[in-house]
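Engineer: The structure's right below; bear with me while I get my questions together.
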Amino acid sequence: MKPARPSRLSIETPEGVVFSFELATPVTRALAWSVDAAAIALGGILVGQISQLVSKVNTDVAGAVSVVSYFAIQMVYAIALEWRWRGQTIGKRLFGLRVIDVHGLRLQFPQIAMRNLLRFVDMLPFFYLVGGLTAVFSRNAQRLGDMAANTIVTRERKGEAPDLEQIAPAKYNSLLGQPHLAARLRSLVTPEAAALAVRAVTLRDGYDPRARIALFRELAAHFRSLVEFPEEAVESLTDEQYVRCVLRVIYGAG
Amino acid sequence: MIVDIPRFVAAERPYWDELRSMLDRMDTEPERRLALAEIQRLHYLYERCSAGLARLDTFSTNPALRGLLETLVARAYSEIHETREPQKIRWKAILVAFPRAFRRHMGAFRLSLGITLLGCAFGWFAIRMDPHSKAVLMPFQGLLNSPAERVHEEETAKSDRLSGSKASFSAELMTHNIQVTVLTLAMGMTFGVGTLILLFYNGVILGAVAADYISAGFGAFLTGWLLPHGSIEIPAILLGGQGGFILAGALIGWGGRASRSERLRAVAPDLFAIVAGAAVMLVWAGTIEAFISQYHQPVIPYGLKIAFGACELVALTAFLGWAGRE
């Protein structure tokens with residue numbers, strides 16, 4: 001099977017450290033855009049109200065105010081907010097998205113302006129078809145405006161420190177009795193597998209008993225396939241206990 | 001080396017918190033300049049956080065902790081490795097950035113002008129050879145009547161047909177023309193093909209209208225009608241075309257060794273300066289079109305309108321050609 005398009009953009013610093021950004025999916029971006037479209041429509045309604053007030057004094061000026069203001073809202077909304085909120089609009093804030101420079105550098109005003117002005121092409125022929133298709137097929141999920149401006153849209157991480165006690169409470173762990181194997185396990189488990197195991201432990205009470213047994217059996221089999229611990233260290237552990245012990249190894253509590 | 005996560009978190013957390021609060025402060029006060037000691041501290045915290053991330057990358061898979069460190073390193077990296085000047089609004093700089101950007105890309109402007117002139121020539125000859133093609137070449141109600149009828153109607157008008165709607169007419173002209181200009185620029189992303197088509201089509205309409213009125217003997221009316229706003233509006237659309245070809249050139253990247261991303265990054269400030277300048281020009285052109293261009297002899301003599309348009313063109317040429325020269 002052909003590998004799926006990468007969902008992350010990795011950047012290596014001159015110091016040799018690699019960090020990555022999770023790319024926003026076209027669907028999430030479309031949802032954020034629909035919130036922004038609603039905000040623009042709301043702005044249009046406000047403009048209409050103001051225009052009605054002005055029309056009591058001069059209908060011609062009211063018409064001009066209405067046309068210019070609505071146009072300005074459409075053009076300036078995203079540019080102004082992304083500049084003020086460092087890559088976010090109302091929709092992007094709600095869905096935890098942020099526009100960033102493709103090289104991880106600080107976003108510059110011309111970049112924000114370009115990516116938003118080029119919406120004119122991305123919106124063609126209707127409903128962002130050009131931009132949507134380009135985002136689906138491009139390597140970093142970029143629409144044409146993003147490509148021209150060297151920007152990407154990422155999903156923000158909250159950046160909170162993990163609650164170690166909740167996931168890995170301090171209990172006796174027979175796997176930690178084999179420190180060299182525990183270290184090997186820690187280095188072999190992928191972040192995705194660890195996240196899946198945390199999710200399984202956190203949501204265990206909500207699963208159907210049979211499904212829960214099958215899930216932990218599968219997870220335990222996966223972890224066992226990575227590192228083989230001596231029989232005496234694991235003989236009395238159920239699959240679920242084994243997964244919990246693995247999590248304690250990964251998250252470091254003894 | 002085995003990382004004892006709780007001990008590692010306990011030891012490093014104060015540094016992460018300090019780095020985060022520094023970055024938050026920089027986010028909320030972008031204008032503030034850091035003192036040398038603060039810059040050194042920021043760099044130290046960034047290096048320390050990076051080292052922590054490198055240790056986790058090798059020895060641990062804790063996703064939440066890695067996410068926390070990646071976020072901090074990414075934010076600090078963008079502040080430390082950014083070498084471009086932070087953008088501040090300096091009106092004088094904006095005023096000269098536009099003509100400088102225009103002059104830096106004269107080749108693209110010449111191409112834009114050449115394609116428009118080619119379209120004009122096509123429109124001109126098409127109308128001269130087949131006057132019935134008017135409905136196809138310029139399908140706009142106001143242009144379909146015969147020039148003689150239009151000129152008679154305008155010159156003998158007893159009342160101001162735009163009375164009470166000049167401001168809204170002007171606003172519609174401005175917004176429409178800005179949209180056309182931005183679209184002409186944005187179409188550069190089709191490797192310039194879309195820009196070329198739009199410029200050529202604009203030229204065809206212009207050439208066809210000119211052929212229609214000049215062959216009917218109404219050259220003075222046409223010049224008096226178009227020049228006051230056209231001397232600004234047409235160059236603005238040509239500037240949109242210039243922007244489109246700059247964009248296309250950066251996408252194609254003939255001969256250069258820079259990557260596509262570097263080329264696009266290099267032209268972004270110039271593109272923005274050009275499109276912003278063209279938008280300001282179109283606000284002016286929209287105002288003139290609604291308040292001056294639509295009034296003809298005897299209300300405003302053609303000579304006066306033509307002189308006004310010529311002065312605008314000279315002023316624009318002088319501004320784009322000489323403003324901000326070093």
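Scheme for the structure tokens: letters A, B, ... for chains in order shown; per-chain residue numbers from 1; ligand numbers from 1 in order shown.
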Can you tell me, as an NGL selection string, what residues are no more than 12 Å from B:His229 when counting only C-alpha atoms, ignoring any on the same chain fewer than 3 positions away?
Structural biologist: :B and (170 or 173-174 or 177 or 222-226 or 232-236 or 281-294 or 305-306 or 308-313)
Engineer: Might you pull out every residue within 10 Å of stretch 111-117 of chain A, with only C-alpha atoms counted and same-chain residues fewer than 5 positions away left off, and present them as a PDB file with C-alpha atoms, in the first residue's frame?
Structural biologist:
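Writing the result to result.pdb gives the following:
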```
ATOM      1  CA  MET A  75     -10.450  41.380   2.423  1.00  0.00           C
ATOM      2  CA  VAL A  76      -9.088  42.467   5.781  1.00  0.00           C
ATOM      3  CA  TYR A  77     -10.737  40.052   8.251  1.00  0.00           C
ATOM      4  CA  ALA A  78      -8.260  37.197   7.930  1.00  0.00           C
ATOM      5  CA  ILE A  79      -5.218  39.424   7.306  1.00  0.00           C
ATOM      6  CA  ALA A  80      -5.853  41.578  10.377  1.00  0.00           C
ATOM      7  CA  LEU A  81      -6.663  38.702  12.723  1.00  0.00           C
ATOM      8  CA  GLU A  82      -3.818  36.460  11.585  1.00  0.00           C
ATOM      9  CA  TRP A  83      -1.447  39.391  12.083  1.00  0.00           C
ATOM     10  CA  ARG A  86      -0.063  35.421  15.256  1.00  0.00           C
ATOM     11  CA  GLY A  87      -1.590  33.168  12.632  1.00  0.00           C
ATOM     12  CA  VAL A  99      -0.755  29.493  10.430  1.00  0.00           C
ATOM     13  CA  ILE A 100       3.016  29.296  10.723  1.00  0.00           C
ATOM     14  CA  ASP A 101       6.017  29.836   8.490  1.00  0.00           C
ATOM     15  CA  ASP A 122      -8.036  29.039  -4.225  1.00  0.00           C
ATOM     16  CA  ARG A 143      -3.388  25.504  -0.702  1.00  0.00           C
ATOM     17  CA  LEU A 144      -1.969  27.741  -3.437  1.00  0.00           C
ATOM     18  CA  GLY A 145      -1.931  30.773  -1.127  1.00  0.00           C
ATOM     19  CA  ASP A 146       0.099  28.830   1.427  1.00  0.00           C
ATOM     20  CA  MET A 147       2.568  27.713  -1.215  1.00  0.00           C
ATOM     21  CA  ALA A 148       3.100  31.267  -2.458  1.00  0.00           C
ATOM     22  CA  ALA A 149       3.454  32.647   1.063  1.00  0.00           C
ATOM     23  CA  ASN A 150       5.544  29.746   2.417  1.00  0.00           C
ATOM     24  CA  THR A 151       3.081  29.023   5.172  1.00  0.00           C
ATOM     25  CA  ILE A 152       1.399  25.932   6.584  1.00  0.00           C
TER      26      ILE A 152
ATOM     27  CA  GLN B 179     -10.927  42.441  -7.103  1.00  0.00           C
ATOM     28  CA  VAL B 182      -5.902  41.054  -7.054  1.00  0.00           C
ATOM     29  CA  LEU B 183      -7.243  38.221  -9.216  1.00  0.00           C
ATOM     30  CA  LEU B 185      -1.970  38.965  -9.494  1.00  0.00           C
ATOM     31  CA  ALA B 186      -3.233  35.769  -7.864  1.00  0.00           C
ATOM     32  CA  LEU B 264       8.680  32.928  -3.307  1.00  0.00           C
ATOM     33  CA  ARG B 265       9.900  34.189   0.057  1.00  0.00           C
ATOM     34  CA  ALA B 268       6.571  38.310  -1.164  1.00  0.00           C
ATOM     35  CA  PRO B 269       7.326  41.824   0.214  1.00  0.00           C
ATOM     36  CA  LEU B 271       4.225  41.627  -4.310  1.00  0.00           C
ATOM     37  CA  PHE B 272       2.525  43.002  -1.252  1.00  0.00           C
ATOM     38  CA  VAL B 275      -0.793  45.122  -4.774  1.00  0.00           C
ATOM     39  CA  ALA B 276      -1.238  47.594  -1.896  1.00  0.00           C
TER      40      ALA B 276
END
```
Engineer: Please extract the residues of stretch 40-200 of chain B with a backbone DSSP assignment of helix (DSSP H, G or I) and present them as a PyMOL selection string.
Structural biologist: chain B and resi 40-59+63-80+91-104+106-129+131-137+141-144+147-155+166-190+193-200
Engineer: When distances are computed from only C-alpha atoms, which of A:Phe216, A:Tyr251, A:Tyr128, A:Phe109 shows the smallest separation from B:Ala273?
Structural biologist: A:Phe109
Engineer: So that I can see what lies close to B:His152, please list as a list of chain:residue names the residues with an atom at most 12 Å from it, counting only C-alpha atoms and leaving out residues fewer than 4 positions away in the same chain.
Structural biologist: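 Using only C-alpha atoms, the neighbours found are B:Asn145, B:Ser146, B:Pro147, B:Ala148, B:Thr156, B:Ala157, B:Lys158, B:Phe218, B:Phe221, B:His296, B:Gln297, B:Pro298.
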Engineer: Store the residues of this selection in a file with N, CA and C atoms, as a PDB file, in the first residue's frame.
Structural biologist:
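So part13.pdb came out as:
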```pdb
ATOM      1  N   ASN B 145     -24.530  50.171 -27.594  1.00  0.00           N
ATOM      2  CA  ASN B 145     -25.156  51.201 -28.450  1.00  0.00           C
ATOM      3  C   ASN B 145     -24.121  51.779 -29.399  1.00  0.00           C
ATOM      4  N   SER B 146     -24.610  52.477 -30.428  1.00  0.00           N
ATOM      5  CA  SER B 146     -23.640  53.089 -31.351  1.00  0.00           C
ATOM      6  C   SER B 146     -23.001  54.284 -30.646  1.00  0.00           C
ATOM      7  N   PRO B 147     -21.715  54.560 -30.923  1.00  0.00           N
ATOM      8  CA  PRO B 147     -21.038  55.687 -30.276  1.00  0.00           C
ATOM      9  C   PRO B 147     -21.768  57.008 -30.502  1.00  0.00           C
ATOM     10  N   ALA B 148     -22.326  57.193 -31.709  1.00  0.00           N
ATOM     11  CA  ALA B 148     -23.006  58.458 -32.015  1.00  0.00           C
ATOM     12  C   ALA B 148     -24.197  58.665 -31.069  1.00  0.00           C
ATOM     13  N   THR B 156     -26.262  65.930 -24.520  1.00  0.00           N
ATOM     14  CA  THR B 156     -27.511  66.704 -24.455  1.00  0.00           C
ATOM     15  C   THR B 156     -28.300  66.399 -23.185  1.00  0.00           C
ATOM     16  N   ALA B 157     -27.707  65.667 -22.279  1.00  0.00           N
ATOM     17  CA  ALA B 157     -28.433  65.289 -21.054  1.00  0.00           C
ATOM     18  C   ALA B 157     -28.839  66.537 -20.277  1.00  0.00           C
ATOM     19  N   LYS B 158     -30.110  66.562 -19.884  1.00  0.00           N
ATOM     20  CA  LYS B 158     -30.620  67.737 -19.156  1.00  0.00           C
ATOM     21  C   LYS B 158     -30.394  67.589 -17.643  1.00  0.00           C
ATOM     22  N   PHE B 218     -15.318  59.883 -32.758  1.00  0.00           N
ATOM     23  CA  PHE B 218     -15.508  60.429 -31.409  1.00  0.00           C
ATOM     24  C   PHE B 218     -14.271  60.199 -30.513  1.00  0.00           C
ATOM     25  N   PHE B 221     -14.190  62.516 -27.396  1.00  0.00           N
ATOM     26  CA  PHE B 221     -15.131  62.063 -26.350  1.00  0.00           C
ATOM     27  C   PHE B 221     -14.520  60.887 -25.590  1.00  0.00           C
ATOM     28  N   HIS B 296     -19.549  65.088 -19.279  1.00  0.00           N
ATOM     29  CA  HIS B 296     -18.959  65.406 -20.580  1.00  0.00           C
ATOM     30  C   HIS B 296     -19.259  66.849 -20.946  1.00  0.00           C
ATOM     31  N   GLN B 297     -18.766  67.243 -22.134  1.00  0.00           N
ATOM     32  CA  GLN B 297     -19.063  68.568 -22.651  1.00  0.00           C
ATOM     33  C   GLN B 297     -20.590  68.735 -22.754  1.00  0.00           C
ATOM     34  N   PRO B 298     -21.205  69.775 -22.434  1.00  0.00           N
ATOM     35  CA  PRO B 298     -20.615  71.057 -22.025  1.00  0.00           C
ATOM     36  C   PRO B 298     -20.356  71.195 -20.519  1.00  0.00           C
TER      37      PRO B 298
END
```
Engineer: Could you tell me how far atom CA of A:Glu218 lies from atom CA of A:His180, in Å and to one decimal?
Structural biologist: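 We find that atom CA of A:Glu218 and atom CA of A:His180 lie 24.3 Å from each other.
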Engineer: With a distance cut-off of 8 Å and only C-alpha atoms, select the neighbouring residues of A:Ala32, excluding the residue or stretch itself and same-chain residues fewer than 6 positions from it, and output the selection as a list of chain:residue names.
Structural biologist: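 Residues near the query, excluding close chain neighbours: A:Ile90, A:Gly91, A:Lys92, A:Leu94, A:Phe95.
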Engineer: Please produce an output containing C-alpha atoms for each residue in the selection, written as a compact mmCIF listing (two decimals), in the first residue's frame.
Structural biologist:
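Just written: out.txt:
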```txt
# COMPACT_ATOMS: atom_id res chain seq x y z
CA ILE A 90 -11.73 33.17 15.15
CA GLY A 91 -12.33 29.86 13.35
CA LYS A 92 -8.71 28.77 13.71
CA LEU A 94 -11.93 27.55 17.94
CA PHE A 95 -10.45 24.54 16.16
```
Engineer: Given the choices B:Gly253, B:Gly107, B:Gly203, B:Gly194, which gets closest to chain A if the distance is worked out from only C-alpha atoms?
Structural biologist: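 Closest to chain A, using only C-alpha atoms: B:Gly194.
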Engineer: Smallest atom-to-atom distance to chain A: which of B:Pro228, B:Pro14, B:Pro30, B:Gly164, using only C-alpha atoms?
Structural biologist: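 Closest candidate: B:Gly164.
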